[in-house]
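Pasted below: start_4.cif, mmCIF, C-alpha atoms.
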```cif
data_entry
loop_
_atom_site.label_atom_id
_atom_site.label_comp_id
_atom_site.auth_asym_id
_atom_site.auth_seq_id
_atom_site.Cartn_x
_atom_site.Cartn_y
_atom_site.Cartn_z
CA MET A 27 117.08 -8.10 27.60
CA SER A 28 114.49 -10.78 28.24
CA TYR A 29 111.45 -11.31 26.01
CA SER A 30 107.93 -11.86 27.23
CA SER A 31 105.61 -14.05 25.21
CA LEU A 32 101.96 -15.08 24.98
CA ILE A 33 101.05 -18.65 24.00
CA VAL A 34 97.51 -19.01 22.62
CA ASP A 35 96.17 -22.55 22.21
CA ASP A 36 93.06 -24.34 23.45
CA SER A 37 95.17 -27.39 24.32
CA ALA A 38 96.85 -27.18 27.71
CA ILE A 39 99.25 -29.87 26.50
CA ILE A 40 100.38 -27.76 23.55
CA ARG A 41 100.74 -24.67 25.73
CA LYS A 42 103.01 -26.69 28.03
CA MET A 43 104.92 -28.13 25.07
CA ILE A 44 105.56 -24.66 23.65
CA ARG A 45 106.49 -23.35 27.10
CA ARG A 46 108.93 -26.25 27.44
CA ALA A 47 110.33 -25.67 23.95
CA LEU A 48 110.84 -22.00 24.76
CA SER A 49 112.59 -22.85 28.02
CA LEU A 50 114.88 -25.29 26.17
CA SER A 51 115.51 -22.88 23.32
CA GLY A 52 118.25 -20.85 24.96
CA LEU A 53 116.30 -17.63 24.45
CA ASP A 54 116.39 -15.04 27.23
CA LEU A 55 112.78 -15.29 28.34
CA GLY A 56 110.77 -13.18 30.71
CA ASP A 57 107.10 -13.77 31.43
CA ILE A 58 105.38 -16.52 29.46
CA LEU A 59 101.64 -15.85 29.50
CA GLU A 60 98.94 -18.21 28.26
CA ALA A 61 95.45 -17.97 26.77
CA GLY A 62 93.02 -20.65 25.64
CA ASP A 63 91.61 -18.85 22.59
CA GLY A 64 91.73 -15.56 20.71
CA ARG A 65 89.25 -13.80 22.96
CA GLN A 66 91.26 -14.66 26.08
CA ALA A 67 94.42 -13.58 24.27
CA LEU A 68 92.99 -10.13 23.55
CA ALA A 69 92.00 -9.84 27.21
CA VAL A 70 95.55 -10.71 28.26
CA LEU A 71 96.95 -8.18 25.78
CA ASP A 72 94.69 -5.51 27.25
CA ASP A 73 96.64 -5.78 30.48
CA HIS A 74 100.11 -6.94 29.44
CA TRP A 75 102.61 -6.00 26.79
CA VAL A 76 104.38 -8.97 25.25
CA ASP A 77 107.22 -9.14 22.74
CA VAL A 78 105.85 -12.03 20.72
CA VAL A 79 102.59 -13.99 20.36
CA LEU A 80 102.54 -17.68 19.42
CA THR A 81 99.07 -18.78 18.40
CA ASP A 82 97.22 -21.82 17.12
CA ILE A 83 94.57 -21.44 14.40
CA HIS A 84 91.81 -23.86 15.37
CA MET A 85 90.31 -22.74 18.67
CA PRO A 86 86.78 -22.34 20.01
CA GLU A 87 85.24 -18.91 20.66
CA MET A 88 87.78 -16.94 18.61
CA ASP A 89 90.22 -18.70 16.30
CA GLY A 90 93.76 -17.68 15.47
CA ILE A 91 92.86 -16.02 12.18
CA GLU A 92 90.40 -13.65 13.84
CA LEU A 93 92.94 -12.95 16.57
CA VAL A 94 95.55 -11.99 13.95
CA GLU A 95 92.98 -9.88 12.08
CA ARG A 96 92.00 -8.00 15.24
CA MET A 97 95.61 -7.44 16.24
CA ALA A 98 96.38 -6.14 12.74
CA LEU A 99 93.61 -3.53 13.08
CA ASP A 100 94.89 -2.23 16.43
CA PRO A 101 97.64 0.41 16.20
CA LEU A 102 99.40 -0.90 19.30
CA LEU A 103 98.84 -4.65 18.98
CA SER A 104 99.84 -4.62 15.31
CA LYS A 105 103.40 -3.94 16.45
CA ILE A 106 103.62 -7.31 18.24
CA PRO A 107 105.10 -10.03 16.03
CA VAL A 108 102.87 -13.09 15.70
CA LEU A 109 103.98 -16.65 15.04
CA VAL A 110 101.38 -19.23 14.09
CA VAL A 111 101.91 -22.76 15.41
CA SER A 112 99.35 -25.14 13.94
CA THR A 113 98.60 -28.47 12.30
CA GLU A 114 96.89 -26.52 9.50
CA ARG A 115 98.79 -26.93 6.22
CA SER A 116 96.40 -25.26 3.80
CA GLU A 117 98.47 -22.96 1.57
CA GLU A 118 95.45 -20.71 1.14
CA ARG A 119 95.11 -20.11 4.88
CA ILE A 120 98.85 -19.72 5.42
CA GLU A 121 99.00 -17.15 2.62
CA ARG A 122 96.03 -15.30 4.10
CA LEU A 123 97.84 -15.14 7.45
CA ARG A 124 101.02 -13.94 5.79
CA ARG A 125 99.07 -11.14 4.12
CA LEU A 126 97.82 -10.17 7.59
CA GLY A 127 101.44 -9.75 8.64
CA ILE A 128 102.38 -12.81 10.67
CA LYS A 129 106.10 -13.22 11.15
CA GLY A 130 106.33 -16.98 10.92
CA TYR A 131 104.47 -20.24 10.57
CA LEU A 132 105.38 -23.50 12.32
CA THR A 133 103.59 -26.79 11.84
CA LYS A 134 103.19 -29.31 14.64
CA PRO A 135 105.16 -31.31 15.60
CA PHE A 136 107.94 -28.83 16.25
CA THR A 137 111.32 -28.95 17.95
CA PRO A 138 112.75 -26.47 20.47
CA GLU A 139 115.26 -25.44 17.79
CA GLN A 140 112.46 -24.60 15.36
CA ILE A 141 110.70 -22.54 18.04
CA ARG A 142 113.94 -20.74 18.89
CA ASP A 143 114.72 -19.96 15.25
CA ALA A 144 111.18 -18.79 14.51
CA VAL A 145 110.99 -16.59 17.62
CA THR A 146 114.44 -15.15 16.92
CA ARG A 147 113.43 -14.27 13.36
CA ALA A 148 110.13 -12.80 14.56
CA LEU A 149 111.99 -10.59 17.00
CA GLY A 150 114.17 -9.31 14.21
CA GLY A 151 117.26 -11.39 14.86
CA ASP A 152 119.12 -13.64 12.44
CA MET B 43 94.13 -39.89 -3.32
CA PRO B 44 92.05 -41.59 -0.59
CA VAL B 45 93.60 -42.43 2.76
CA THR B 46 95.04 -45.93 2.47
CA GLU B 47 95.88 -48.37 5.24
CA THR B 48 99.58 -47.99 4.45
CA MET B 49 99.36 -44.22 4.52
CA LEU B 50 97.57 -44.27 7.88
CA ARG B 51 100.09 -46.71 9.37
CA ASP B 52 103.03 -44.61 8.18
CA VAL B 53 101.53 -41.41 9.59
CA VAL B 54 100.87 -43.06 12.97
CA MET B 55 104.43 -44.32 13.22
CA ARG B 56 105.97 -41.06 11.99
CA THR B 57 103.87 -38.89 14.29
CA LEU B 58 104.65 -40.91 17.39
CA SER B 59 108.37 -41.10 16.67
CA ASP B 60 108.75 -37.43 15.70
CA SER B 61 106.45 -35.96 18.34
CA ALA B 62 106.93 -38.23 21.31
CA PHE B 63 109.93 -40.45 20.64
CA MET B 64 107.64 -43.49 20.78
CA PHE B 65 108.08 -46.33 18.33
CA PRO B 66 104.91 -48.36 17.80
CA SER B 67 104.71 -51.76 16.15
CA PRO B 68 101.63 -52.82 14.19
CA THR B 69 99.90 -55.78 15.80
CA GLU B 70 97.02 -58.06 14.85
CA SER B 71 95.99 -58.48 18.47
CA PRO B 72 92.92 -56.57 19.65
CA ILE B 73 93.50 -53.87 22.26
CA ALA B 74 91.33 -54.75 25.22
CA ASP B 75 91.82 -51.82 27.55
CA VAL B 76 90.63 -48.83 25.51
CA GLU B 77 89.90 -46.22 28.17
CA LEU B 78 90.49 -43.06 26.14
CA ARG B 79 88.76 -42.27 22.83
CA VAL B 80 89.15 -39.17 20.67
CA ARG B 81 88.04 -38.04 17.24
CA ILE B 82 88.93 -35.20 14.90
CA THR B 83 87.03 -34.40 11.74
CA PHE B 84 88.52 -33.14 8.50
CA GLU B 85 87.00 -31.46 5.48
CA GLY B 86 88.38 -31.76 2.01
CA PRO B 87 87.99 -33.83 -1.13
CA GLU B 88 86.84 -36.78 0.99
CA PRO B 89 85.60 -35.54 4.39
CA GLY B 90 85.80 -37.85 7.34
CA ALA B 91 87.32 -38.27 10.76
CA LEU B 92 90.35 -39.77 12.42
CA GLU B 93 89.59 -41.76 15.57
CA LEU B 94 92.05 -42.93 18.20
CA GLY B 95 91.62 -45.21 21.19
CA ALA B 96 94.16 -46.05 23.85
CA SER B 97 94.67 -47.21 27.37
CA THR B 98 95.31 -44.75 30.16
CA GLY B 99 98.83 -46.20 30.30
CA PHE B 100 99.44 -45.18 26.70
CA GLY B 101 98.04 -41.72 27.42
CA ARG B 102 100.32 -41.28 30.42
CA ALA B 103 103.38 -42.45 28.49
CA LEU B 104 102.49 -40.14 25.61
CA ALA B 105 101.97 -37.16 27.91
CA ALA B 106 105.24 -37.90 29.73
CA ASN B 107 107.16 -37.88 26.46
CA LEU B 108 105.42 -34.82 25.04
CA LEU B 109 105.99 -32.81 28.21
CA GLY B 110 109.34 -34.23 29.27
CA LEU B 111 107.99 -35.51 32.60
CA GLU B 112 108.97 -38.53 34.64
CA ALA B 113 106.72 -41.58 34.34
CA ASP B 114 105.45 -41.17 37.91
CA ASP B 115 104.74 -37.45 37.72
CA PRO B 116 101.26 -36.81 39.20
CA GLU B 117 100.55 -34.29 36.44
CA LEU B 118 100.23 -37.19 34.01
CA ASP B 119 96.90 -38.25 35.54
CA SER B 120 95.22 -35.18 34.12
CA ALA B 121 97.34 -34.86 31.00
CA SER B 122 96.79 -38.23 29.31
CA GLU B 123 93.50 -37.39 27.59
CA GLY B 124 94.80 -34.02 26.39
CA ALA B 125 97.88 -35.73 25.03
CA LEU B 126 95.78 -38.15 22.97
CA LEU B 127 93.64 -35.26 21.71
CA GLU B 128 96.74 -33.44 20.55
CA LEU B 129 98.17 -36.58 19.00
CA SER B 130 95.00 -36.90 16.91
CA ASN B 131 95.36 -33.27 15.84
CA ILE B 132 98.96 -33.71 14.70
CA MET B 133 98.19 -37.03 12.97
CA ALA B 134 95.20 -35.59 11.15
CA GLY B 135 97.26 -32.65 9.89
CA LEU B 136 99.91 -34.96 8.49
CA LEU B 137 97.34 -37.39 7.10
CA VAL B 138 95.33 -34.87 5.07
CA GLU B 139 98.54 -33.40 3.69
CA GLU B 140 99.74 -36.88 2.74
CA ALA B 141 96.43 -37.72 1.07
CA TRP B 142 95.46 -34.47 -0.60
CA GLY B 143 98.43 -32.11 -0.39
CA SER B 144 98.23 -28.67 1.16
CA ALA B 145 95.24 -27.44 -0.81
CA GLY B 146 91.99 -26.84 0.91
CA CYS B 147 91.78 -29.39 3.74
CA ARG B 148 90.49 -28.13 7.06
CA LEU B 149 90.66 -29.83 10.42
CA GLY B 150 88.05 -29.68 13.14
CA ILE B 151 88.76 -29.41 16.84
CA PRO B 152 89.64 -32.76 18.49
CA ALA B 153 86.94 -34.07 20.82
CA THR B 154 86.60 -36.94 23.26
CA LEU B 155 84.28 -39.90 22.65
CA ASP B 156 82.74 -42.47 24.94
CA PRO B 157 85.45 -45.16 25.25
CA THR B 158 82.88 -47.86 24.49
CA THR B 159 82.02 -46.37 21.06
CA PRO B 160 82.65 -49.06 18.44
CA PHE B 161 85.53 -48.43 16.08
CA PRO B 162 84.95 -48.07 12.34
CA ALA B 163 85.85 -51.04 10.19
CA GLN B 164 89.50 -51.58 9.31
CA ALA B 165 90.83 -50.06 12.52
CA GLN B 166 94.56 -50.60 12.91
CA THR B 167 96.21 -51.54 16.17
CA PHE B 168 99.70 -50.80 17.45
CA LEU B 169 101.78 -51.66 20.49
CA VAL B 170 104.34 -49.33 22.02
CA ASP B 171 107.12 -50.93 24.09
CA ASP B 172 105.20 -54.24 23.82
CA GLU B 173 102.89 -52.84 26.47
CA PHE B 174 100.69 -49.89 25.55
CA GLY B 175 97.98 -50.33 22.92
CA LEU B 176 96.76 -47.76 20.41
CA VAL B 177 93.84 -48.14 17.99
CA VAL B 178 93.60 -45.85 14.95
CA ALA B 179 90.82 -45.68 12.35
CA ILE B 180 89.37 -43.49 9.65
CA ALA B 181 85.61 -42.91 9.78
CA GLY B 182 83.08 -41.26 7.53
CA PRO B 183 81.72 -37.88 8.62
CA THR B 184 78.82 -39.40 10.55
CA GLY B 185 80.82 -42.16 12.17
CA GLY B 186 80.48 -44.89 9.59
CA GLY B 187 83.40 -46.71 8.05
CA ALA B 188 85.19 -44.90 5.27
#
```
Rendering of file as structure tokens:
Amino acid sequence: MSYSSLIVDDSAIIRKMIRRALSLSGLDLGDILEAGDGRQALAVLDDHWVDVVLTDIHMPEMDGIELVERMALDPLLSKIPVLVVSTERSEERIERLRRLGIKGYLTKPFTPEQIRDAVTRALGGD
Amino acid sequence: MPVTETMLRDVVMRTLSDSAFMFPSPTESPIADVELRVRITFEGPEPGALELGASTGFGRALAANLLGLEADDPELDSASEGALLELSNIMAGLLVEEAWGSAGCRLGIPATLDPTTPFPAQAQTFLVDDEFGLVVAIAGPTGGGA
């Protein structure tokens, strides 16, 4: 079974880096969709089901925290595991995101192995 | 603890080696061909900003390493500025953690600057592969030296 994913980051470079890390991770991947901020991500999720969302925190328009909050309030979207990939290291913010139900937190820079392990855990694997 | 010159130098070298497999050497020589300039603000015990300046050649090499592209890939023309923006983001995250731990520091969104904008005092310069120059500096919140 292949997994579809949504990468949410305002940096095209980071979206490409995560896409590359996913492709090098050895995971069985289906569609990899992209969005530039939380608002675009919600629009994508209106039309597409994905198995995992990887999102940054600091983005214009709608940041990653609001995206996670909105997904948590939606009966359907709340079922999608969310991984946060950010430079943010504030324990307070990370704890807030954990309380909202995120499945993992990666700080930049990251390796393909870290992405693979985090996505695998988020999808319920070992 | 305030950001020190040693701390900044270590973060620059660690970020480039870990993120992009680039190994810069500090240099006293000025970098003449600054064509890309970026800045990211941070809030915390001592708010300020991290500023970077580099040549297009550095930006292309950085983007190539971050994205795993060949040095002559045409995609690098449009990716070099974004690569420097992201480098500033990663460096700033590491720097505020190094200086003040993981409590309460927030980063802004990296932004481009006019390449001719003067650098704050005590800017540090680096060379990668004896060829590509990088300038790094800490500024106060309104652009003054920290």
- Message: Could you tell me, as number ranges by chain, exactly which residues end up selected when the PyMOL selection byres ((chain A) within 12 of (chain B)) is applied to this structure?
- Response: A: 35-47, 49-50, 82-87, 89, 111-121, 133-138
- Message: Just want the 7 Å neighbourhood of Gly90 (chain B), counted on only C-alpha atoms, with same-chain residues fewer than 6 positions away dropped. Output as an MDAnalysis selection string.
- Response: chainID B and resid 83:84 181:183
- Residues within 12 Å of region 94-98 of chain B, all atoms listed in the file, excluding chain neighbours under 4 positions, as a PyMOL selection string: chain B and resi 50+54+72-83+102-105+118-131+133-134+152-162+165-170+173-181
Restricted to C-alpha atoms, what would the selected residues look like written as an mmCIF file, keeping the file's coordinate frame?
```cif
data_model
loop_
_atom_site.group_PDB
_atom_site.id
_atom_site.type_symbol
_atom_site.label_atom_id
_atom_site.label_comp_id
_atom_site.auth_asym_id
_atom_site.auth_seq_id
_atom_site.Cartn_x
_atom_site.Cartn_y
_atom_site.Cartn_z
ATOM 1 C CA LEU B 50 97.570 -44.270 7.880
ATOM 2 C CA VAL B 54 100.870 -43.060 12.970
ATOM 3 C CA PRO B 72 92.920 -56.570 19.650
ATOM 4 C CA ILE B 73 93.500 -53.870 22.260
ATOM 5 C CA ALA B 74 91.330 -54.750 25.220
ATOM 6 C CA ASP B 75 91.820 -51.820 27.550
ATOM 7 C CA VAL B 76 90.630 -48.830 25.510
ATOM 8 C CA GLU B 77 89.900 -46.220 28.170
ATOM 9 C CA LEU B 78 90.490 -43.060 26.140
ATOM 10 C CA ARG B 79 88.760 -42.270 22.830
ATOM 11 C CA VAL B 80 89.150 -39.170 20.670
ATOM 12 C CA ARG B 81 88.040 -38.040 17.240
ATOM 13 C CA ILE B 82 88.930 -35.200 14.900
ATOM 14 C CA THR B 83 87.030 -34.400 11.740
ATOM 15 C CA ARG B 102 100.320 -41.280 30.420
ATOM 16 C CA ALA B 103 103.380 -42.450 28.490
ATOM 17 C CA LEU B 104 102.490 -40.140 25.610
ATOM 18 C CA ALA B 105 101.970 -37.160 27.910
ATOM 19 C CA LEU B 118 100.230 -37.190 34.010
ATOM 20 C CA ASP B 119 96.900 -38.250 35.540
ATOM 21 C CA SER B 120 95.220 -35.180 34.120
ATOM 22 C CA ALA B 121 97.340 -34.860 31.000
ATOM 23 C CA SER B 122 96.790 -38.230 29.310
ATOM 24 C CA GLU B 123 93.500 -37.390 27.590
ATOM 25 C CA GLY B 124 94.800 -34.020 26.390
ATOM 26 C CA ALA B 125 97.880 -35.730 25.030
ATOM 27 C CA LEU B 126 95.780 -38.150 22.970
ATOM 28 C CA LEU B 127 93.640 -35.260 21.710
ATOM 29 C CA GLU B 128 96.740 -33.440 20.550
ATOM 30 C CA LEU B 129 98.170 -36.580 19.000
ATOM 31 C CA SER B 130 95.000 -36.900 16.910
ATOM 32 C CA ASN B 131 95.360 -33.270 15.840
ATOM 33 C CA MET B 133 98.190 -37.030 12.970
ATOM 34 C CA ALA B 134 95.200 -35.590 11.150
ATOM 35 C CA PRO B 152 89.640 -32.760 18.490
ATOM 36 C CA ALA B 153 86.940 -34.070 20.820
ATOM 37 C CA THR B 154 86.600 -36.940 23.260
ATOM 38 C CA LEU B 155 84.280 -39.900 22.650
ATOM 39 C CA ASP B 156 82.740 -42.470 24.940
ATOM 40 C CA PRO B 157 85.450 -45.160 25.250
ATOM 41 C CA THR B 158 82.880 -47.860 24.490
ATOM 42 C CA THR B 159 82.020 -46.370 21.060
ATOM 43 C CA PRO B 160 82.650 -49.060 18.440
ATOM 44 C CA PHE B 161 85.530 -48.430 16.080
ATOM 45 C CA PRO B 162 84.950 -48.070 12.340
ATOM 46 C CA ALA B 165 90.830 -50.060 12.520
ATOM 47 C CA GLN B 166 94.560 -50.600 12.910
ATOM 48 C CA THR B 167 96.210 -51.540 16.170
ATOM 49 C CA PHE B 168 99.700 -50.800 17.450
ATOM 50 C CA LEU B 169 101.780 -51.660 20.490
ATOM 51 C CA VAL B 170 104.340 -49.330 22.020
ATOM 52 C CA GLU B 173 102.890 -52.840 26.470
ATOM 53 C CA PHE B 174 100.690 -49.890 25.550
ATOM 54 C CA GLY B 175 97.980 -50.330 22.920
ATOM 55 C CA LEU B 176 96.760 -47.760 20.410
ATOM 56 C CA VAL B 177 93.840 -48.140 17.990
ATOM 57 C CA VAL B 178 93.600 -45.850 14.950
ATOM 58 C CA ALA B 179 90.820 -45.680 12.350
ATOM 59 C CA ILE B 180 89.370 -43.490 9.650
ATOM 60 C CA ALA B 181 85.610 -42.910 9.780
#
```
- Message: Which residues are close to region 141-146 of chain A, i.e. within 10 Å by only C-alpha atoms, leaving aside same-chain residues fewer than 6 positions away? Reply as number ranges by chain.
- Response: A: 29, 31, 44, 47-53, 77-80, 107-111, 129-132, 152
- How many Å separate CA of Glu88 (chain B) from CA of Ala163 (chain B)?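 Taking CA of Glu88 (chain B) and CA of Ala163 (chain B), their separation equals 17.0 Å.
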- Message: When you count all atoms listed in the file, which of these residues is closest to Leu68 (chain A): A:Leu103, A:Leu123, A:Ile91, A:Leu55?
- Response: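 Going through A:Leu103, A:Leu123, A:Ile91, A:Leu55 one by one, the smallest distance to Leu68 (chain A) is for A:Leu103.
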- Message: Between CA of Glu85 (chain B) and CA of Met88 (chain A), what distance in Å does the model show, to one decimal?
- Response: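 So the two atoms, CA of Glu85 (chain B) and CA of Met88 (chain A), lie 19.6 Å apart.
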- Message: Report, in Å to a single decimal, how far apart CA of Lys105 (chain A) and CA of Val70 (chain A) are.
- Response: 15.7 Å
- Check which residues satisfy the PyMOL selection byres ((chain A and resi 62) around 7) in the file shown, then give them as number ranges by chain. A: 34-36, 60-61, 63, 66
Box dimensions and centre (Å, one decimal) enclosing region 63-78 of chain A, axis-aligned, 6 Å extra per side, as JSON:
```
{"center_x": 98.2, "center_y": -12.2, "center_z": 25.6, "size_x": 30.0, "size_y": 25.3, "size_z": 21.8}
```
